[in-house]
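See below for model.txt, which holds compact mmCIF, C-alpha atoms and all ligand atoms.
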```txt
# COMPACT_ATOMS: atom_id res chain seq x y z
CA MET A 1 26.67 16.25 40.16
CA SER A 2 29.96 16.62 38.32
CA PRO A 3 30.13 17.69 34.67
CA SER A 4 31.58 14.30 33.74
CA GLU A 5 28.74 12.39 35.45
CA LEU A 6 26.23 14.49 33.56
CA ALA A 7 28.12 13.98 30.30
CA ALA A 8 28.11 10.20 30.86
CA ALA A 9 24.33 10.14 31.37
CA LEU A 10 23.74 12.24 28.25
CA GLU A 11 26.09 10.01 26.29
CA ARG A 12 24.33 6.86 27.47
CA ALA A 13 20.98 8.10 26.15
CA ARG A 14 22.48 9.21 22.84
CA ARG A 15 24.16 5.83 22.36
CA ARG A 16 20.75 4.16 22.65
CA THR A 17 19.20 6.56 20.13
CA GLU A 18 22.03 6.02 17.67
CA ASP A 19 22.03 2.23 18.06
CA LEU A 20 18.35 2.19 17.26
CA LEU A 21 18.39 4.52 14.25
CA GLU A 22 21.78 3.79 12.74
CA PRO A 23 20.66 0.73 10.69
CA LEU A 24 17.65 2.52 9.18
CA SER A 25 17.30 4.07 5.72
CA ASP A 26 16.07 7.62 5.20
CA GLU A 27 12.82 6.19 3.95
CA GLN A 28 12.32 4.17 7.12
CA LEU A 29 13.10 7.24 9.19
CA THR A 30 10.50 9.40 7.48
CA GLN A 31 7.79 6.78 6.96
CA GLN A 32 4.52 6.85 8.91
CA PHE A 33 4.36 3.19 9.97
CA SER A 34 1.25 3.62 12.11
CA PRO A 35 -1.13 6.48 12.96
CA LEU A 36 -0.35 5.67 16.62
CA GLN A 37 3.31 6.61 16.24
CA SER A 38 5.34 9.54 14.93
CA PRO A 39 7.75 9.14 12.03
CA LEU A 40 11.08 8.24 13.67
CA VAL A 41 12.73 11.39 12.39
CA TRP A 42 10.17 13.43 14.34
CA ASP A 43 11.14 11.67 17.58
CA LEU A 44 14.80 12.33 16.79
CA ALA A 45 14.43 16.08 16.28
CA HIS A 46 11.94 16.29 19.19
CA ILE A 47 14.65 14.79 21.44
CA GLY A 48 17.02 17.55 20.27
CA HIS A 49 14.37 20.23 20.65
CA PHE A 50 13.57 19.21 24.25
CA GLU A 51 17.28 19.37 25.02
CA GLU A 52 17.60 22.78 23.35
CA LEU A 53 14.55 24.11 25.20
CA TRP A 54 15.59 23.06 28.71
CA LEU A 55 19.37 23.12 28.65
CA LEU A 56 20.37 25.73 26.07
CA ARG A 57 17.46 28.16 26.39
CA GLN A 58 15.95 27.74 29.87
CA VAL A 59 19.23 27.28 31.75
CA GLY A 60 21.77 28.60 29.23
CA GLY A 61 19.79 31.70 28.23
CA ARG A 62 20.45 31.08 24.50
CA SER A 63 17.98 32.13 21.85
CA ALA A 64 16.04 29.64 19.75
CA VAL A 65 17.85 27.77 16.97
CA SER A 66 14.75 28.20 14.80
CA PRO A 67 11.41 29.76 15.78
CA GLU A 68 9.48 27.14 13.77
CA TYR A 69 10.68 24.21 15.86
CA ASP A 70 8.68 25.17 18.96
CA GLU A 71 5.44 24.37 17.19
CA LEU A 72 6.66 21.53 14.96
CA TYR A 73 8.16 19.57 17.83
CA ASP A 74 5.56 20.37 20.50
CA ALA A 75 3.96 17.01 21.32
CA PHE A 76 0.63 18.74 22.06
CA ALA A 77 0.42 20.70 18.80
CA HIS A 78 -0.16 17.86 16.33
CA ALA A 79 -1.35 14.25 16.61
CA ARG A 80 1.32 11.61 16.03
CA GLY A 81 -0.43 10.44 12.86
CA ASP A 82 -0.26 13.93 11.31
CA ARG A 83 3.42 14.60 11.84
CA ALA A 84 4.71 13.08 8.60
CA ARG A 85 2.74 15.75 6.71
CA LEU A 86 4.38 18.63 8.59
CA PRO A 87 7.48 20.42 7.27
CA ILE A 88 9.69 18.53 9.75
CA LEU A 89 13.44 18.24 9.31
CA PRO A 90 14.55 15.46 6.96
CA PRO A 91 16.98 12.85 8.39
CA GLN A 92 20.26 14.56 7.61
CA ALA A 93 19.13 17.94 8.94
CA ALA A 94 17.57 16.33 12.02
CA ARG A 95 20.84 14.54 12.77
CA ALA A 96 22.81 17.77 12.36
CA TYR A 97 20.36 19.63 14.63
CA VAL A 98 20.59 17.14 17.52
CA ARG A 99 24.38 16.98 17.09
CA ASP A 100 24.74 20.78 17.22
CA VAL A 101 22.50 21.03 20.27
CA ARG A 102 24.52 18.35 22.04
CA GLU A 103 27.81 20.06 21.24
CA ALA A 104 26.58 23.31 22.76
CA VAL A 105 25.22 21.44 25.79
CA LEU A 106 28.58 19.80 26.45
CA GLU A 107 30.19 23.24 26.51
CA LEU A 108 27.57 24.36 29.01
CA LEU A 109 28.12 21.43 31.42
CA PRO A 110 30.03 23.43 34.05
CA ASP A 111 26.99 25.73 34.33
CA LEU A 112 24.59 22.79 34.37
CA SER A 113 26.39 21.13 37.26
CA ARG A 114 26.36 24.31 39.37
CA GLU A 115 24.29 24.44 42.58
CA ASN A 116 22.82 27.92 42.99
CA GLY A 117 19.55 27.25 44.80
CA ASP A 118 17.61 26.83 41.55
CA PRO A 119 15.69 23.53 41.94
CA LEU A 120 16.13 22.92 38.19
CA LEU A 121 19.88 22.59 38.76
CA SER A 122 19.74 20.73 42.06
CA GLU A 123 21.81 17.52 41.74
CA GLY A 124 21.70 17.83 37.95
CA PHE A 125 17.89 17.48 37.86
CA VAL A 126 17.29 19.19 34.52
CA VAL A 127 19.99 17.17 32.80
CA GLY A 128 18.48 14.05 34.34
CA MET A 129 15.11 15.09 32.94
CA VAL A 130 16.56 15.54 29.44
CA VAL A 131 18.35 12.19 29.65
CA GLN A 132 15.19 10.38 30.78
CA HIS A 133 13.21 12.14 28.06
CA GLU A 134 15.57 10.83 25.41
CA LEU A 135 15.54 7.32 26.92
CA GLN A 136 11.73 7.30 26.99
CA HIS A 137 11.65 8.31 23.34
CA THR A 138 14.02 5.47 22.48
CA GLU A 139 11.31 3.16 23.80
CA THR A 140 8.66 5.03 21.78
CA MET A 141 10.83 4.56 18.70
CA ALA A 142 11.29 0.86 19.52
CA GLN A 143 7.47 0.57 19.57
CA THR A 144 7.37 2.11 16.11
CA LEU A 145 9.98 -0.37 14.92
CA ALA A 146 8.00 -3.23 16.47
CA LEU A 147 4.90 -2.15 14.53
CA ALA A 148 7.03 -2.08 11.38
CA GLY A 149 8.35 -5.58 12.10
CA LEU A 150 11.86 -4.17 12.57
CA ALA A 151 12.37 -4.47 16.34
CA ARG A 152 15.24 -6.47 17.79
CA ARG A 153 13.57 -8.16 20.75
CA PRO A 154 15.62 -10.04 23.32
CA SER A 155 14.11 -13.33 24.43
CA VAL A 156 12.86 -13.25 28.01
CA MET A 157 11.38 -16.35 29.66
CA VAL A 158 9.35 -16.87 32.78
CA GLY A 159 11.01 -19.20 35.27
CA VAL A 160 8.90 -19.27 38.46
CA SER A 161 5.25 -19.69 39.41
CA GLY A 162 2.94 -19.20 42.38
CA GLU A 163 2.15 -16.13 44.38
CA VAL A 164 3.29 -14.36 47.52
CA THR A 165 1.30 -12.72 50.26
CA VAL A 166 2.40 -9.21 51.08
CA PRO A 167 1.55 -8.55 54.74
CA SER A 168 -0.47 -5.52 55.81
CA GLY A 169 1.28 -2.51 57.21
CA PRO A 170 2.79 0.80 56.17
CA PHE A 171 5.42 1.45 53.53
CA THR A 172 6.72 4.54 51.76
CA LEU A 173 5.16 5.19 48.36
CA GLY A 174 7.09 7.38 45.95
CA SER A 175 10.64 8.55 45.57
CA THR A 176 13.17 10.92 47.05
CA VAL A 177 15.92 10.27 44.47
CA PRO A 178 17.19 13.48 42.82
CA TRP A 179 16.07 12.56 39.30
CA ALA A 180 12.57 11.35 40.22
CA TYR A 181 9.71 12.96 38.30
CA ASP A 182 7.13 15.20 39.94
CA ASN A 183 4.55 12.38 39.74
CA GLU A 184 6.71 10.19 42.04
CA ARG A 185 6.63 12.89 44.72
CA PRO A 186 6.13 13.61 47.48
CA ALA A 187 7.13 10.28 49.00
CA HIS A 188 4.65 9.47 51.76
CA ASP A 189 3.60 6.60 54.01
CA VAL A 190 0.69 4.45 52.93
CA GLU A 191 -1.04 1.69 54.87
CA LEU A 192 -2.36 -1.28 52.86
CA PRO A 193 -4.27 -4.40 53.87
CA GLN A 194 -2.55 -7.68 53.00
CA PHE A 195 -2.84 -8.89 49.41
CA ARG A 196 -1.53 -11.62 47.10
CA ILE A 197 0.58 -10.98 44.02
CA ASP A 198 1.89 -13.41 41.42
CA ARG A 199 5.61 -14.07 41.53
CA THR A 200 5.86 -13.66 37.78
CA LEU A 201 4.18 -12.39 34.63
CA VAL A 202 1.35 -13.94 32.63
CA THR A 203 2.88 -15.97 29.78
CA ASN A 204 1.78 -16.52 26.20
CA ARG A 205 0.76 -20.05 27.24
CA ASP A 206 -1.40 -18.68 30.05
CA TYR A 207 -2.96 -16.16 27.73
CA ALA A 208 -3.61 -18.76 25.02
CA GLY A 209 -5.68 -20.64 27.60
CA PHE A 210 -7.91 -17.59 27.95
CA VAL A 211 -8.20 -17.08 24.19
CA ASP A 212 -8.88 -20.77 23.47
CA ALA A 213 -11.50 -20.97 26.20
CA GLY A 214 -13.49 -18.24 24.48
CA GLY A 215 -12.43 -15.42 26.79
CA TYR A 216 -13.04 -12.85 24.06
CA SER A 217 -16.72 -13.77 23.88
CA ASP A 218 -17.29 -14.21 27.62
CA ARG A 219 -19.07 -10.98 28.52
CA SER A 220 -18.81 -11.71 32.25
CA VAL A 221 -15.06 -11.13 32.49
CA TRP A 222 -15.01 -7.77 30.68
CA SER A 223 -15.77 -4.39 32.22
CA VAL A 224 -18.44 -2.20 30.56
CA GLU A 225 -15.72 -0.10 28.86
CA GLY A 226 -13.67 -3.18 28.06
CA TRP A 227 -16.62 -4.87 26.36
CA GLU A 228 -17.40 -1.72 24.39
CA TRP A 229 -13.81 -1.61 23.19
CA ARG A 230 -13.88 -5.35 22.48
CA GLU A 231 -17.01 -5.04 20.37
CA SER A 232 -16.15 -1.83 18.56
CA GLU A 233 -12.69 -2.61 17.29
CA HIS A 234 -11.56 -6.11 17.97
CA ALA A 235 -14.34 -8.60 17.35
CA GLU A 236 -11.82 -11.22 16.27
CA GLY A 237 -9.84 -11.20 19.48
CA PRO A 238 -6.24 -10.29 20.19
CA LEU A 239 -4.69 -8.19 17.49
CA PHE A 240 -1.07 -7.78 18.37
CA TRP A 241 -0.93 -10.95 20.42
CA ASP A 242 1.12 -13.49 18.54
CA PRO A 243 -0.18 -17.07 19.02
CA GLY A 244 3.14 -18.35 17.64
CA ALA A 245 5.12 -16.54 20.32
CA GLN A 246 7.26 -18.50 22.80
CA PRO A 247 4.83 -20.15 25.24
CA ASP A 248 7.07 -19.37 28.24
CA ALA A 249 7.65 -15.72 27.31
CA PRO A 250 5.56 -13.03 29.00
CA VAL A 251 2.50 -12.06 26.99
CA GLU A 252 3.13 -8.68 25.36
CA HIS A 253 1.03 -6.06 23.54
CA VAL A 254 -2.11 -6.54 25.57
CA SER A 255 -4.36 -3.59 26.34
CA PHE A 256 -5.55 -2.69 29.83
CA HIS A 257 -8.99 -4.03 28.93
CA GLU A 258 -7.52 -7.37 27.90
CA ALA A 259 -5.29 -7.53 30.99
CA GLU A 260 -8.26 -6.83 33.23
CA ALA A 261 -10.44 -9.45 31.49
CA TYR A 262 -7.68 -12.07 31.70
CA ALA A 263 -7.20 -11.47 35.42
CA ARG A 264 -10.93 -11.71 36.09
CA TRP A 265 -11.15 -14.91 34.03
CA MET A 266 -8.43 -16.33 36.31
CA GLY A 267 -10.46 -15.38 39.39
CA LYS A 268 -7.85 -12.75 40.15
CA ARG A 269 -7.47 -9.02 39.52
CA LEU A 270 -4.82 -6.49 38.52
CA PRO A 271 -2.75 -5.03 41.36
CA THR A 272 -3.21 -1.38 42.19
CA GLU A 273 -0.08 0.63 41.48
CA VAL A 274 0.38 1.08 45.24
CA GLU A 275 0.29 -2.69 45.77
CA TRP A 276 2.74 -3.14 42.90
CA GLU A 277 5.21 -0.68 44.44
CA LYS A 278 4.81 -2.12 47.92
CA ALA A 279 5.59 -5.60 46.58
CA ALA A 280 8.59 -4.25 44.65
CA LYS A 281 9.93 -2.53 47.76
CA THR A 282 9.15 -5.08 50.47
CA VAL A 283 9.45 -8.56 48.85
CA PRO A 284 11.68 -7.96 45.79
CA GLY A 285 13.48 -11.30 46.16
CA GLU A 286 10.20 -13.21 45.73
CA LEU A 287 9.26 -11.61 42.43
CA GLU A 288 10.51 -12.21 38.91
CA HIS A 289 10.66 -9.72 36.03
CA MET A 290 9.48 -6.69 37.98
CA THR A 291 11.42 -4.84 35.29
CA GLY A 292 13.20 -5.74 32.06
CA ALA A 293 10.44 -7.81 30.45
CA VAL A 294 7.14 -5.96 29.90
CA TRP A 295 5.34 -3.02 31.45
CA GLN A 296 2.65 -4.23 33.85
CA TRP A 297 -0.86 -2.81 33.81
CA THR A 298 -2.28 -1.79 37.16
CA SER A 299 -5.90 -1.01 38.02
CA SER A 300 -5.00 2.55 39.03
CA ALA A 301 -5.96 5.72 37.20
CA PHE A 302 -3.10 8.23 36.81
CA GLY A 303 -3.20 11.01 39.39
CA GLY A 304 -1.08 13.11 41.71
CA TYR A 305 0.06 11.95 45.13
CA PRO A 306 -1.19 14.05 48.09
CA GLY A 307 0.70 17.35 47.99
CA PHE A 308 1.64 16.95 44.30
CA ARG A 309 3.24 19.98 42.69
CA ALA A 310 3.91 20.12 38.94
CA PHE A 311 7.65 20.52 38.36
CA PRO A 312 9.10 21.77 36.17
CA TYR A 313 6.22 21.70 33.65
CA ALA A 314 2.60 20.55 33.89
CA GLU A 315 2.61 18.88 30.46
CA TYR A 316 4.83 16.03 31.64
CA SER A 317 2.43 14.54 34.21
CA GLU A 318 -0.41 16.75 35.33
CA ALA A 319 -1.96 17.17 31.88
CA PHE A 320 -2.69 13.42 31.93
CA PHE A 321 -4.18 13.16 35.43
CA GLY A 322 -7.77 11.96 35.60
CA ASP A 323 -9.91 8.92 34.81
CA GLU A 324 -8.72 8.42 31.25
CA TYR A 325 -5.25 6.95 31.70
CA ARG A 326 -4.15 3.78 33.50
CA VAL A 327 -0.82 3.38 35.23
CA LEU A 328 1.73 0.79 34.13
CA ARG A 329 4.65 -0.17 36.37
CA GLY A 330 7.99 -1.88 36.02
CA GLY A 331 9.62 -1.34 32.65
CA SER A 332 10.04 -3.41 29.50
CA TRP A 333 13.00 -4.99 27.72
CA SER A 334 13.30 -1.65 25.95
CA THR A 335 13.33 0.55 29.08
CA ASP A 336 16.71 1.82 30.23
CA PRO A 337 17.49 0.99 33.90
CA LEU A 338 18.02 4.72 34.46
CA VAL A 339 14.27 5.13 33.93
CA ALA A 340 12.95 1.82 35.28
CA ARG A 341 12.89 2.69 38.99
CA PRO A 342 10.43 0.80 41.22
CA THR A 343 8.72 4.17 41.76
CA PHE A 344 8.55 5.18 38.07
CA ARG A 345 4.98 5.67 36.83
CA ASN A 346 4.13 5.07 33.20
CA TRP A 347 0.63 5.61 31.84
CA ASP A 348 -1.40 5.06 28.72
CA LEU A 349 -4.97 4.82 27.46
CA PRO A 350 -6.72 1.53 28.37
CA GLN A 351 -7.12 0.49 24.73
CA ARG A 352 -3.45 0.91 23.78
CA ARG A 353 -1.39 -2.17 22.97
CA GLN A 354 1.36 -1.05 20.65
CA ILE A 355 3.37 -0.53 23.85
CA PHE A 356 5.37 -3.36 25.41
CA SER A 357 2.67 -4.20 27.91
CA GLY A 358 1.75 -7.33 29.80
CA LEU A 359 0.51 -8.12 33.27
CA ARG A 360 1.03 -9.75 36.64
CA CYS A 361 -2.06 -10.80 38.55
CA ALA A 362 -2.95 -10.04 42.15
CA GLY A 363 -5.74 -10.93 44.55
CA ASP A 364 -7.25 -10.36 47.96
CA VAL A 365 -6.28 -12.59 50.85
C1 LIG B 401 5.58 8.65 30.27
C2 LIG B 401 5.84 7.32 28.29
C3 LIG B 401 3.70 8.25 28.83
O1 LIG B 401 5.71 9.09 25.85
O2 LIG B 401 3.94 10.19 26.38
C4 LIG B 401 7.93 11.68 26.35
C5 LIG B 401 6.95 10.16 28.16
N1 LIG B 401 6.80 12.65 27.91
N2 LIG B 401 7.93 12.99 26.11
C6 LIG B 401 5.01 9.69 26.66
C7 LIG B 401 7.21 11.46 27.48
C8 LIG B 401 7.24 13.60 27.04
C9 LIG B 401 5.47 9.78 28.12
N3 LIG B 401 5.16 8.53 28.86
FE FE B 402 8.69 13.95 24.38
```

As structure tokens, how would this structure be written, given the file I've shared?
Amino acid sequence: MSPSELAAALERARRRTEDLLEPLSDEQLTQQFSPLQSPLVWDLAHIGHFEELWLLRQVGGRSAVSPEYDELYDAFAHARGDRARLPILPPQAARAYVRDVREAVLELLPDLSRENGDPLLSEGFVVGMVVQHELQHTETMAQTLALAGLARRPSVMVGVSGEVTVPSGPFTLGSTVPWAYDNERPAHDVELPQFRIDRTLVTNRDYAGFVDAGGYSDRSVWSVEGWEWRESEHAEGPLFWDPGAQPDAPVEHVSFHEAEAYARWMGKRLPTEVEWEKAAKTVPGELEHMTGAVWQWTSSAFGGYPGFRAFPYAEYSEAFFGDEYRVLRGGSWSTDPLVARPTFRNWDLPQRRQIFSGLRCAGDV
């Protein structure tokens, strides 16, 4: 990839970061709005640190800007809720840090667009990884702003109904695009029996039907873990769900447990992530809001495809493989199209609902 193509992708991500943070005061940038989220100024410097680590140090061979940053901005070192108490950079210094890193990166672009057999540099992969990292953190920051009541949400409405039957047969799961993550590889053929999938997302009106019918006290529609979660934390019902929200807008901020219970209450189920991707790839014209509205919970646990190899670091995907996390597909109103590929795999804990999450139902034929 040419230096100017790489520069454009970097610039696109930075524009999103700046648009999001520009209207905020220093106090809003440093505030801990929720224990589930970092202070925004942590995300900002973490974006710069990731860029420094991979582009300036790993590829460019530069030494560290500051030895303290490796620990302060390591996402595994401290819980999100503890980060405001760390000696992190204040807003002005964080801005200067990410600006300086970016300036040095732009000077390094001819090296970053070189093909020398290193898979990190192949078709600009490592720059693509840094760009997608920044774009994913802009969504994380938008979640923080949503919790603080400061998000600028576009209005998205549902316009179709019904379901489609996806015929049985093989399709190719996963991606071969140059900037795909390790968890989307290797692409491989999968054979699925036929299934049904809804043409659109569950709306606030649909979800209100479930709430009003006593869905939160109907034990039969909740899984064992879902009921435990429901009883331990949320006896009163939906927390983030806004009953005053537009009836025709997709329901947003539901947890996996809630999504699963809703689908069962409807006599349906969540799609597996493989079904979701097959539908996206084989009948895209039949389906509304596969991306651009809300992330869609699937019934699948997050794991590696057959032949998975961690690349270039195990902490992106592999560290989260196992029974704990559930996969979400699609992309929300806050997800940049550069990230929201039909093969992109997002994941979170089944109780989480500060993310922009909703659902689309599926069923057997
Ligand atoms: C893919 C959205 C689950 O935010 O934890 C950001 C993305 N990885 N920095 C996350 C990510 C490293 C990741 N998700
Ligand atoms: Fe990160």

Nearby residues, ligand LIG 401 (chain B), 9 Å, all atoms listed in the file, as a list in words: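 Residues lying within 9 Å of ligand LIG 401 (chain B): His46, Ile47, Phe50, Ala75, Gln132, His133, Glu134, Leu135, Gln136, His137, Glu139, Thr140, Glu315, Tyr316, Ser317, Phe320, Arg345, Asn346, Trp347 and Asp348 of chain A.
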
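For the residues A:Gly81, A:Gly48, A:Pro247, A:Gly169, ranking by smallest atom-to-atom distance to ligand FE 402 (chain B) using only C-alpha atoms and all ligand atoms places A:Gly48 first.
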
Distance of CA of Val126 in chain A from CA of Arg12 in chain A, expressed in Å to one decimal place: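 Between CA of Arg12 in chain A and CA of Val126 in chain A the gap works out to 15.9 Å.
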
Counting only C-alpha atoms, the option among A:Gln246, A:Met141, A:Ala77, A:Pro67 closest to Pro39 in chain A: A:Met141

Distance criterion (all atoms listed in the file): nearest to Val105 in chain A out of A:Ala180, A:Leu10, A:Leu145, A:Leu20: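 Between A:Ala180, A:Leu10, A:Leu145, A:Leu20, the residue approaching Val105 in chain A most closely is A:Leu10.
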
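CA of Phe344 in chain A to CA of Val327 in chain A spans 10.0 Å [interatomic distance, one decimal].
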
Residue nearest Pro167 in chain A - candidates A:Tyr97, A:Phe195, A:Phe321, A:Trp295, atoms counted: all atoms listed in the file: A:Phe195

CA of Glu107 in chain A to CA of Gly61 in chain A, straight-line distance in Å: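 Computing the Euclidean distance for CA of Gly61 in chain A and CA of Glu107 in chain A yields 13.5 Å.
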
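Each of A:Pro186, A:Gly331, A:Pro342, A:Gly209 was compared to Gly307 in chain A using all atoms listed in the file, and A:Pro186 turns out to be the nearest.
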
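With all atoms listed in the file as the basis for measurement, A:Thr138 is the residue among A:Thr282, A:Gln354, A:Thr138, A:Ser300 that approaches ligand FE 402 (chain B) most closely.
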
Shell around Ala93 in chain A at 12 Å using only C-alpha atoms, local window under 5 positions removed, as a VMD selection string: chain A and resid 26 41 to 42 44 to 45 48 88 98 to 100

Would you output range 298-307 of chain A from that structure, restricted to all heavy atoms, as a PDB file, in the first residue's frame?
```pdb
ATOM      1  N   THR A 298     -24.773 -12.913  19.150  1.00  0.00           N
ATOM      2  CA  THR A 298     -24.956 -14.266  18.618  1.00  0.00           C
ATOM      3  C   THR A 298     -24.835 -15.248  19.776  1.00  0.00           C
ATOM      4  O   THR A 298     -24.400 -14.885  20.867  1.00  0.00           O
ATOM      5  CB  THR A 298     -23.888 -14.621  17.556  1.00  0.00           C
ATOM      6  OG1 THR A 298     -22.638 -14.878  18.226  1.00  0.00           O
ATOM      7  CG2 THR A 298     -23.715 -13.499  16.533  1.00  0.00           C
ATOM      8  N   SER A 299     -25.228 -16.497  19.529  1.00  0.00           N
ATOM      9  CA  SER A 299     -25.162 -17.510  20.585  1.00  0.00           C
ATOM     10  C   SER A 299     -23.763 -18.095  20.731  1.00  0.00           C
ATOM     11  O   SER A 299     -23.547 -18.954  21.581  1.00  0.00           O
ATOM     12  CB  SER A 299     -26.165 -18.630  20.291  1.00  0.00           C
ATOM     13  OG  SER A 299     -25.891 -19.204  19.031  1.00  0.00           O
ATOM     14  N   SER A 300     -22.818 -17.647  19.911  1.00  0.00           N
ATOM     15  CA  SER A 300     -21.503 -18.289  19.872  1.00  0.00           C
ATOM     16  C   SER A 300     -20.539 -17.751  20.916  1.00  0.00           C
ATOM     17  O   SER A 300     -20.450 -16.539  21.138  1.00  0.00           O
ATOM     18  CB  SER A 300     -20.863 -18.082  18.494  1.00  0.00           C
ATOM     19  OG  SER A 300     -21.722 -18.580  17.479  1.00  0.00           O
ATOM     20  N   ALA A 301     -19.796 -18.683  21.537  1.00  0.00           N
ATOM     21  CA  ALA A 301     -18.669 -18.296  22.383  1.00  0.00           C
ATOM     22  C   ALA A 301     -17.519 -17.883  21.465  1.00  0.00           C
ATOM     23  O   ALA A 301     -17.459 -18.296  20.303  1.00  0.00           O
ATOM     24  CB  ALA A 301     -18.262 -19.451  23.275  1.00  0.00           C
ATOM     25  N   PHE A 302     -16.606 -17.056  21.985  1.00  0.00           N
ATOM     26  CA  PHE A 302     -15.494 -16.550  21.164  1.00  0.00           C
ATOM     27  C   PHE A 302     -14.347 -17.558  21.161  1.00  0.00           C
ATOM     28  O   PHE A 302     -13.841 -17.930  22.223  1.00  0.00           O
ATOM     29  CB  PHE A 302     -15.017 -15.212  21.736  1.00  0.00           C
ATOM     30  CG  PHE A 302     -14.009 -14.501  20.868  1.00  0.00           C
ATOM     31  CD1 PHE A 302     -14.180 -14.403  19.488  1.00  0.00           C
ATOM     32  CD2 PHE A 302     -12.892 -13.905  21.448  1.00  0.00           C
ATOM     33  CE1 PHE A 302     -13.259 -13.729  18.698  1.00  0.00           C
ATOM     34  CE2 PHE A 302     -11.966 -13.217  20.657  1.00  0.00           C
ATOM     35  CZ  PHE A 302     -12.145 -13.139  19.290  1.00  0.00           C
ATOM     36  N   GLY A 303     -13.982 -18.012  19.972  1.00  0.00           N
ATOM     37  CA  GLY A 303     -12.875 -18.970  19.874  1.00  0.00           C
ATOM     38  C   GLY A 303     -12.161 -18.828  18.551  1.00  0.00           C
ATOM     39  O   GLY A 303     -12.549 -18.012  17.709  1.00  0.00           O
ATOM     40  N   GLY A 304     -11.101 -19.616  18.367  1.00  0.00           N
ATOM     41  CA  GLY A 304     -10.317 -19.545  17.137  1.00  0.00           C
ATOM     42  C   GLY A 304     -10.891 -20.468  16.074  1.00  0.00           C
ATOM     43  O   GLY A 304     -11.397 -21.541  16.391  1.00  0.00           O
ATOM     44  N   TYR A 305     -10.804 -20.047  14.825  1.00  0.00           N
ATOM     45  CA  TYR A 305     -11.189 -20.926  13.720  1.00  0.00           C
ATOM     46  C   TYR A 305     -10.135 -22.035  13.608  1.00  0.00           C
ATOM     47  O   TYR A 305      -8.991 -21.865  14.056  1.00  0.00           O
ATOM     48  CB  TYR A 305     -11.254 -20.125  12.414  1.00  0.00           C
ATOM     49  CG  TYR A 305     -12.386 -19.112  12.342  1.00  0.00           C
ATOM     50  CD1 TYR A 305     -12.342 -18.073  11.406  1.00  0.00           C
ATOM     51  CD2 TYR A 305     -13.500 -19.204  13.183  1.00  0.00           C
ATOM     52  CE1 TYR A 305     -13.377 -17.146  11.309  1.00  0.00           C
ATOM     53  CE2 TYR A 305     -14.537 -18.269  13.095  1.00  0.00           C
ATOM     54  CZ  TYR A 305     -14.468 -17.242  12.155  1.00  0.00           C
ATOM     55  OH  TYR A 305     -15.481 -16.332  12.064  1.00  0.00           O
ATOM     56  N   PRO A 306     -10.508 -23.172  12.968  1.00  0.00           N
ATOM     57  CA  PRO A 306      -9.529 -24.268  12.814  1.00  0.00           C
ATOM     58  C   PRO A 306      -8.262 -23.763  12.128  1.00  0.00           C
ATOM     59  O   PRO A 306      -8.341 -23.133  11.074  1.00  0.00           O
ATOM     60  CB  PRO A 306     -10.261 -25.279  11.921  1.00  0.00           C
ATOM     61  CG  PRO A 306     -11.717 -24.936  12.030  1.00  0.00           C
ATOM     62  CD  PRO A 306     -11.812 -23.477  12.358  1.00  0.00           C
ATOM     63  N   GLY A 307      -7.117 -24.004  12.746  1.00  0.00           N
ATOM     64  CA  GLY A 307      -5.847 -23.543  12.185  1.00  0.00           C
ATOM     65  C   GLY A 307      -5.488 -22.133  12.627  1.00  0.00           C
ATOM     66  O   GLY A 307      -4.538 -21.537  12.120  1.00  0.00           O
TER      67      GLY A 307
END
```
